[in-house]
>>> print(open('final-v8.txt').read())   # compact mmCIF, C-alpha atoms
# COMPACT_ATOMS: atom_id res chain seq x y z
CA MET A 1 6.18 -10.87 8.83
CA ILE A 2 5.23 -7.24 9.38
CA SER A 3 6.31 -6.45 5.80
CA VAL A 4 4.09 -9.23 4.44
CA GLU A 5 1.13 -7.96 6.46
CA ARG A 6 1.71 -4.45 5.12
CA ILE A 7 1.82 -5.73 1.53
CA MET A 8 -1.42 -7.65 2.07
CA GLN A 9 -2.98 -4.52 3.56
CA TYR A 10 -2.01 -2.47 0.51
CA SER A 11 -3.27 -5.18 -1.85
CA ARG A 12 -6.75 -4.84 -0.35
CA ILE A 13 -6.97 -1.10 -1.04
CA PRO A 14 -9.61 -0.60 -3.77
CA SER A 15 -8.20 0.59 -7.10
CA GLU A 16 -9.26 3.91 -8.52
CA ALA A 17 -11.34 4.10 -11.69
CA PRO A 18 -9.56 4.02 -15.09
CA LEU A 19 -7.65 7.12 -16.15
CA ILE A 20 -9.20 7.00 -19.63
CA VAL A 21 -12.52 5.48 -20.73
CA ASP A 22 -12.29 5.30 -24.51
CA ASP A 23 -16.06 5.09 -25.04
CA HIS A 24 -16.70 8.16 -22.90
CA ARG A 25 -14.15 10.82 -23.79
CA PRO A 26 -15.45 14.36 -23.23
CA PRO A 27 -15.07 16.93 -26.03
CA ASN A 28 -11.76 18.79 -26.15
CA SER A 29 -13.58 22.01 -25.23
CA TRP A 30 -15.19 20.46 -22.12
CA PRO A 31 -16.08 21.98 -19.76
CA LYS A 32 -17.20 24.99 -21.76
CA ASP A 33 -19.90 26.70 -19.71
CA GLY A 34 -19.22 24.90 -16.43
CA THR A 35 -22.83 24.20 -15.45
CA ILE A 36 -22.82 21.65 -12.62
CA ASN A 37 -25.89 19.50 -11.94
CA ILE A 38 -25.92 17.46 -8.74
CA ARG A 39 -28.75 14.95 -8.38
CA ASN A 40 -29.66 12.93 -5.29
CA LEU A 41 -26.02 12.67 -4.22
CA GLU A 42 -25.18 10.49 -1.25
CA VAL A 43 -21.61 9.90 -0.10
CA ARG A 44 -20.16 7.82 2.70
CA TYR A 45 -16.51 6.97 3.33
CA ALA A 46 -17.18 3.30 4.10
CA GLU A 47 -20.22 1.04 3.97
CA HIS A 48 -20.38 0.74 7.76
CA LEU A 49 -20.22 4.53 8.26
CA PRO A 50 -23.11 7.02 8.06
CA SER A 51 -23.57 9.18 4.98
CA VAL A 52 -21.56 12.40 4.94
CA LEU A 53 -23.66 13.89 2.12
CA ARG A 54 -27.35 13.10 2.22
CA ASN A 55 -29.53 13.38 -0.87
CA ILE A 56 -27.83 16.51 -2.23
CA SER A 57 -29.46 18.09 -5.30
CA CYS A 58 -28.75 21.49 -6.85
CA THR A 59 -27.71 23.22 -10.06
CA ILE A 60 -24.72 25.53 -10.16
CA PRO A 61 -25.10 27.79 -13.21
CA GLY A 62 -22.15 28.08 -15.54
CA ARG A 63 -19.78 31.05 -15.22
CA LYS A 64 -21.10 31.92 -11.76
CA LYS A 65 -19.26 32.36 -8.48
CA VAL A 66 -20.69 30.12 -5.76
CA GLY A 67 -19.62 30.24 -2.13
CA ILE A 68 -19.95 27.02 -0.12
CA VAL A 69 -20.26 27.58 3.62
CA GLY A 70 -21.17 25.64 6.74
CA ARG A 71 -19.80 24.57 10.06
CA THR A 72 -16.91 22.13 10.41
CA GLY A 73 -18.00 18.65 9.33
CA SER A 74 -21.08 19.87 7.46
CA GLY A 75 -20.03 18.26 4.16
CA LYS A 76 -18.41 21.14 2.27
CA SER A 77 -15.10 19.49 1.46
CA THR A 78 -16.74 16.12 0.84
CA LEU A 79 -18.68 17.68 -2.02
CA ILE A 80 -15.38 18.80 -3.56
CA GLN A 81 -13.91 15.32 -3.10
CA ALA A 82 -16.94 13.88 -4.88
CA LEU A 83 -16.51 16.39 -7.71
CA PHE A 84 -12.95 15.14 -8.30
CA ARG A 85 -14.00 11.53 -7.61
CA ILE A 86 -11.61 11.17 -4.71
CA VAL A 87 -14.63 9.55 -3.10
CA GLU A 88 -17.28 7.88 -5.23
CA PRO A 89 -20.99 8.54 -4.61
CA ARG A 90 -23.00 5.72 -3.14
CA VAL A 91 -26.09 7.12 -4.88
CA GLY A 92 -26.69 9.95 -7.32
CA THR A 93 -24.77 11.75 -10.05
CA ILE A 94 -22.74 14.86 -10.76
CA GLU A 95 -22.77 16.26 -14.29
CA ILE A 96 -20.77 19.13 -15.76
CA ASP A 97 -22.19 20.45 -19.03
CA ASP A 98 -24.31 17.27 -19.33
CA VAL A 99 -21.29 14.95 -18.95
CA ASP A 100 -21.77 12.36 -16.18
CA LEU A 101 -18.52 12.45 -14.20
CA SER A 102 -18.86 8.80 -13.15
CA LYS A 103 -18.60 7.66 -16.78
CA ILE A 104 -15.40 9.42 -17.85
CA GLY A 105 -11.83 8.57 -16.92
CA LEU A 106 -10.09 10.21 -13.99
CA HIS A 107 -7.46 11.81 -16.23
CA ASP A 108 -10.14 13.44 -18.38
CA LEU A 109 -11.95 14.64 -15.26
CA ARG A 110 -9.12 15.89 -13.07
CA GLY A 111 -7.13 17.22 -16.00
CA ARG A 112 -10.00 19.55 -16.98
CA LEU A 113 -10.76 21.01 -13.54
CA SER A 114 -8.53 23.23 -11.40
CA ILE A 115 -8.21 23.47 -7.64
CA ILE A 116 -6.32 25.59 -5.14
CA PRO A 117 -6.30 23.51 -1.92
CA GLN A 118 -6.06 24.74 1.64
CA ASP A 119 -2.61 23.19 2.09
CA PRO A 120 -0.39 24.22 -0.84
CA THR A 121 1.61 21.41 -2.41
CA MET A 122 5.05 21.85 -3.95
CA PHE A 123 7.48 19.19 -5.10
CA GLU A 124 11.24 18.94 -4.92
CA GLY A 125 12.69 20.41 -8.10
CA THR A 126 12.53 23.87 -9.64
CA VAL A 127 10.12 26.78 -9.85
CA ARG A 128 9.56 25.95 -13.52
CA GLY A 129 8.90 22.29 -12.79
CA ASN A 130 6.37 23.10 -10.09
CA LEU A 131 4.44 25.51 -12.29
CA ASP A 132 4.71 23.57 -15.54
CA PRO A 133 5.55 19.91 -14.82
CA LEU A 134 4.68 18.78 -18.37
CA ASN A 135 6.68 21.54 -20.11
CA GLU A 136 3.62 22.87 -21.91
CA TYR A 137 4.26 26.62 -21.63
CA SER A 138 6.90 29.09 -22.80
CA ASP A 139 9.15 30.96 -20.38
CA GLN A 140 7.37 34.18 -21.33
CA HIS A 141 4.01 32.68 -20.38
CA ILE A 142 5.40 31.47 -17.05
CA TRP A 143 6.92 34.88 -16.26
CA GLU A 144 3.63 36.62 -17.08
CA THR A 145 1.87 34.24 -14.71
CA LEU A 146 4.42 34.83 -11.94
CA ASP A 147 3.92 38.58 -12.31
CA LYS A 148 0.16 38.18 -11.96
CA CYS A 149 0.78 36.23 -8.74
CA GLN A 150 3.16 38.88 -7.36
CA LEU A 151 5.99 36.33 -7.46
CA GLY A 152 7.86 37.57 -10.54
CA ASP A 153 10.19 40.00 -8.76
CA ILE A 154 11.01 37.45 -6.05
CA VAL A 155 11.98 34.77 -8.60
CA ARG A 156 13.97 37.27 -10.70
CA GLN A 157 16.14 38.06 -7.67
CA SER A 158 17.36 34.46 -7.61
CA PRO A 159 20.44 33.76 -9.78
CA LYS A 160 18.76 30.67 -11.25
CA LYS A 161 15.50 32.46 -12.06
CA LEU A 162 12.93 29.84 -13.23
CA ASP A 163 15.37 27.09 -12.33
CA SER A 164 15.48 28.24 -8.71
CA THR A 165 15.47 25.34 -6.28
CA VAL A 166 12.34 24.08 -4.57
CA VAL A 167 13.09 21.67 -1.72
CA GLU A 168 10.75 18.90 -0.62
CA ASN A 169 7.29 20.28 0.23
CA GLY A 170 8.49 23.76 -0.78
CA GLU A 171 9.89 24.37 2.69
CA ASN A 172 12.30 27.03 1.38
CA TRP A 173 9.28 29.17 0.42
CA SER A 174 6.80 30.72 2.83
CA VAL A 175 3.28 29.32 3.15
CA GLY A 176 1.91 32.40 1.41
CA GLN A 177 4.37 32.05 -1.47
CA ARG A 178 3.51 28.36 -1.85
CA GLN A 179 -0.16 29.25 -2.12
CA LEU A 180 0.67 31.87 -4.75
CA PHE A 181 2.52 29.19 -6.73
CA CYS A 182 -0.68 27.11 -6.60
CA LEU A 183 -2.51 30.15 -7.94
CA GLY A 184 0.07 30.29 -10.73
CA ARG A 185 -0.66 26.69 -11.70
CA VAL A 186 -4.37 27.34 -12.18
CA LEU A 187 -3.63 30.53 -14.13
CA LEU A 188 -1.47 28.54 -16.54
CA LYS A 189 -4.03 25.75 -16.84
CA ARG A 190 -7.00 28.08 -17.41
CA SER A 191 -9.80 25.60 -16.73
CA ASN A 192 -13.38 26.87 -16.95
CA VAL A 193 -14.17 25.27 -13.58
CA LEU A 194 -12.09 26.34 -10.60
CA VAL A 195 -12.40 25.10 -7.01
CA LEU A 196 -10.98 26.97 -4.04
CA ASP A 197 -11.04 24.59 -1.07
CA GLU A 198 -10.48 27.01 1.83
CA ALA A 199 -7.58 28.26 -0.28
CA THR A 200 -6.80 31.31 1.87
CA ALA A 201 -7.35 29.78 5.31
CA SER A 202 -3.62 29.46 6.03
CA VAL A 203 -2.31 32.71 4.54
CA ASP A 204 -2.09 36.25 5.83
CA SER A 205 -4.51 38.98 4.82
CA SER A 206 -2.17 40.53 2.23
CA THR A 207 -1.72 37.20 0.39
CA ASP A 208 -5.46 36.63 0.69
CA ALA A 209 -6.06 40.00 -1.00
CA ILE A 210 -3.65 39.15 -3.85
CA ILE A 211 -5.39 35.83 -4.47
CA GLN A 212 -8.90 37.31 -4.38
CA GLN A 213 -7.99 40.19 -6.70
CA THR A 214 -6.23 37.91 -9.20
CA LEU A 215 -9.16 35.49 -9.25
CA ARG A 216 -11.61 38.31 -9.93
CA GLU A 217 -9.50 39.59 -12.82
CA GLU A 218 -8.55 36.26 -14.40
CA PHE A 219 -11.55 34.00 -13.77
CA GLY A 220 -14.46 36.40 -14.25
CA ASP A 221 -16.02 34.23 -16.97
CA CYS A 222 -15.46 30.87 -15.23
CA THR A 223 -17.41 28.76 -12.77
CA VAL A 224 -15.73 29.24 -9.40
CA LEU A 225 -16.64 27.21 -6.31
CA THR A 226 -15.23 28.63 -3.09
CA VAL A 227 -15.31 26.58 0.11
CA ALA A 228 -15.05 29.38 2.65
CA HIS A 229 -13.18 29.52 5.92
CA ARG A 230 -12.97 33.30 6.01
CA ILE A 231 -16.60 33.90 5.23
CA HIS A 232 -16.01 37.42 3.92
CA THR A 233 -14.29 35.87 0.88
CA VAL A 234 -17.66 34.67 -0.47
CA ILE A 235 -19.82 37.67 0.39
CA ASP A 236 -19.54 38.96 -3.20
CA SER A 237 -20.41 35.56 -4.73
CA ASP A 238 -23.35 35.24 -7.10
CA LEU A 239 -24.84 32.45 -4.98
CA ILE A 240 -24.26 30.93 -1.55
CA LEU A 241 -24.67 27.22 -0.82
CA VAL A 242 -25.13 26.55 2.91
CA PHE A 243 -24.45 23.06 4.29
CA SER A 244 -25.52 21.57 7.60
CA GLU A 245 -25.07 17.95 8.67
CA GLY A 246 -24.54 16.75 5.11
CA ARG A 247 -27.52 18.56 3.60
CA ILE A 248 -28.09 21.77 1.67
CA ILE A 249 -30.25 23.94 3.89
CA GLU A 250 -29.99 27.26 2.00
CA TYR A 251 -29.13 28.21 -1.56
CA ASP A 252 -29.65 31.79 -2.72
CA THR A 253 -27.93 35.09 -3.36
CA PRO A 254 -25.98 36.58 -0.44
CA SER A 255 -28.29 39.60 -0.28
CA ARG A 256 -31.44 37.51 0.02
CA LEU A 257 -29.93 35.27 2.67
CA LEU A 258 -28.76 38.29 4.67
CA GLU A 259 -32.23 39.86 4.48
CA ASP A 260 -33.41 37.01 6.71
CA GLU A 261 -31.82 37.52 10.13
CA ASN A 262 -32.74 33.94 11.04
CA SER A 263 -30.99 32.35 8.07
CA GLU A 264 -28.02 30.11 8.82
CA PHE A 265 -25.87 32.29 6.57
CA SER A 266 -26.74 35.37 8.64
CA ARG A 267 -25.81 33.49 11.81
CA LEU A 268 -22.48 32.40 10.32
CA ILE A 269 -21.69 35.98 9.30
CA LYS A 270 -22.46 37.27 12.81
CA GLU A 271 -20.33 34.57 14.44
CA TYR A 272 -17.42 35.30 12.12
CA SER A 273 -17.69 39.04 12.84
CA ARG A 274 -17.64 38.41 16.60
CA ARG A 275 -14.58 36.16 16.33
CA SER A 276 -12.78 38.70 14.14
CA LYS A 277 -13.36 41.49 16.66
CA GLY A 278 -12.01 39.29 19.41
CA PHE A 279 -8.52 39.16 17.85
>>> encode(input="final-v8.txt", output="structure tokens")
Amino acid sequence: MISVERIMQYSRIPSEAPLIVDDHRPPNSWPKDGTINIRNLEVRYAEHLPSVLRNISCTIPGRKKVGIVGRTGSGKSTLIQALFRIVEPRVGTIEIDDVDLSKIGLHDLRGRLSIIPQDPTMFEGTVRGNLDPLNEYSDQHIWETLDKCQLGDIVRQSPKKLDSTVVENGENWSVGQRQLFCLGRVLLKRSNVLVLDEATASVDSSTDAIIQQTLREEFGDCTVLTVAHRIHTVIDSDLILVFSEGRIIEYDTPSRLLEDENSEFSRLIKEYSRRSKGF
């Protein structure tokens, strides 16, 4: 009886949108500039729950680095979920290079964007399979990518090299190494829109430095959205987007926001500095 109830429960889970929408395929070069237009966006996780994002509107210029900051629960990560259509907007639209994301298939959308999440994901198999699951790249390309991620020497020390074992969840690799493998995936994919969802929150400062340096060198001409936990990682962004209670309350360059001692961004910087000194 419990099994039947569980099956019925699963059957009521709403299906995701189609993977491909034949009438709305984006160009092969999309996204090219990576300009993101968000208009009147409202998101809630269920009809009976309050909105998590409330009437969000902004334009993120293409090829710019934008830091997204705010207190816990302010809506930062929900915006990223809406970008990948993990949650669907109740109202409003998101466009990238004039393509409405709600009209294209999920494969076309998610296959063209890249993300390094806070919690690195690895699958049981091999190093090669985790970096290149579809066998799209040559060994030389993979080795070059591993070297950029400071993982090349570590993998070369293993007798199996690229066929080195990865156990379930990558538990035989450190958290920092797993995050560097995630960095390797986005380097291979080379999307023009990259999202870092608190990507360095769980790694040590040396791994953080490797990731930040590699991103600056390899994604200088891409649109990069960084949801910040360590707020210093976005201080050199072109623009800062500040969230509070599901709304955008500030959106400007870091220097202009810091000029105003009463800005929320200035307060967040001061709080982070105090916490850092306390350790």
>>> residues_around(input="final-v8.txt", residues="region 187-199 of chain A", least_positions_apart="5", cutoff="6 Å", atoms="all atoms listed in the file", output="count of residues only")
15
>>> atom_distance(input="final-v8.txt", atom1="CA of Gly129 (chain A)", atom2="CA of Asp163 (chain A)")
8.1 Å
>>> residues_around(input="final-v8.txt", residues="Ile231 (chain A)", least_positions_apart="2", cutoff="10 Å", atoms="all atoms listed in the file", output="PyMOL selection string")
chain A and resi 67-70+198+226-229+233-235+265+268-269+271-273
>>> atom_distance(input="final-v8.txt", atom1="CA of Ile96 (chain A)", atom2="CA of Ser51 (chain A)")
23.2 Å
>>> atom_distance(input="final-v8.txt", atom1="CA of Asp98 (chain A)", atom2="CA of Asn37 (chain A)")
7.9 Å
>>> residues_around(input="final-v8.txt", residues="Ser164 (chain A)", least_positions_apart="5", cutoff="10 Å", atoms="only C-alpha atoms", output="ChimeraX atom specification")
/A:125-129,155-159
>>> closest_residue(input="final-v8.txt", among="A:Glu16, A:Glu245, A:Glu88, A:Asp33", to="Ala46 (chain A)", atoms="all atoms listed in the file")
A:Glu88
>>> closest_residue(input="final-v8.txt", among="A:Arg275, A:Met122, A:Asp132, A:Gly246", to="Ser77 (chain A)", atoms="all atoms listed in the file")
A:Gly246
>>> residues_near_point(input="final-v8.txt", point="(-10.4, 21.7, -22.3)", cutoff="7 Å", atoms="only C-alpha atoms", output="list in words")
Asn28, Ser29, Trp30, Pro31, Arg112 and Ser191 of chain A
>>> closest_residue(input="final-v8.txt", among="A:Gln81, A:Asn135, A:Thr93, A:Thr145", to="Arg185 (chain A)", atoms="all atoms listed in the file")
A:Thr145
>>> residues_around(input="final-v8.txt", residues="Ile56 (chain A)", least_positions_apart="5", cutoff="7 Å", atoms="all atoms listed in the file", output="PyMOL selection string")
chain A and resi 38-42+247-248
>>> residues_around(input="final-v8.txt", residues="Val167 (chain A)", least_positions_apart="3", cutoff="8 Å", atoms="only C-alpha atoms", output="NGL selection string")
:A and (123-125 or 170-172)
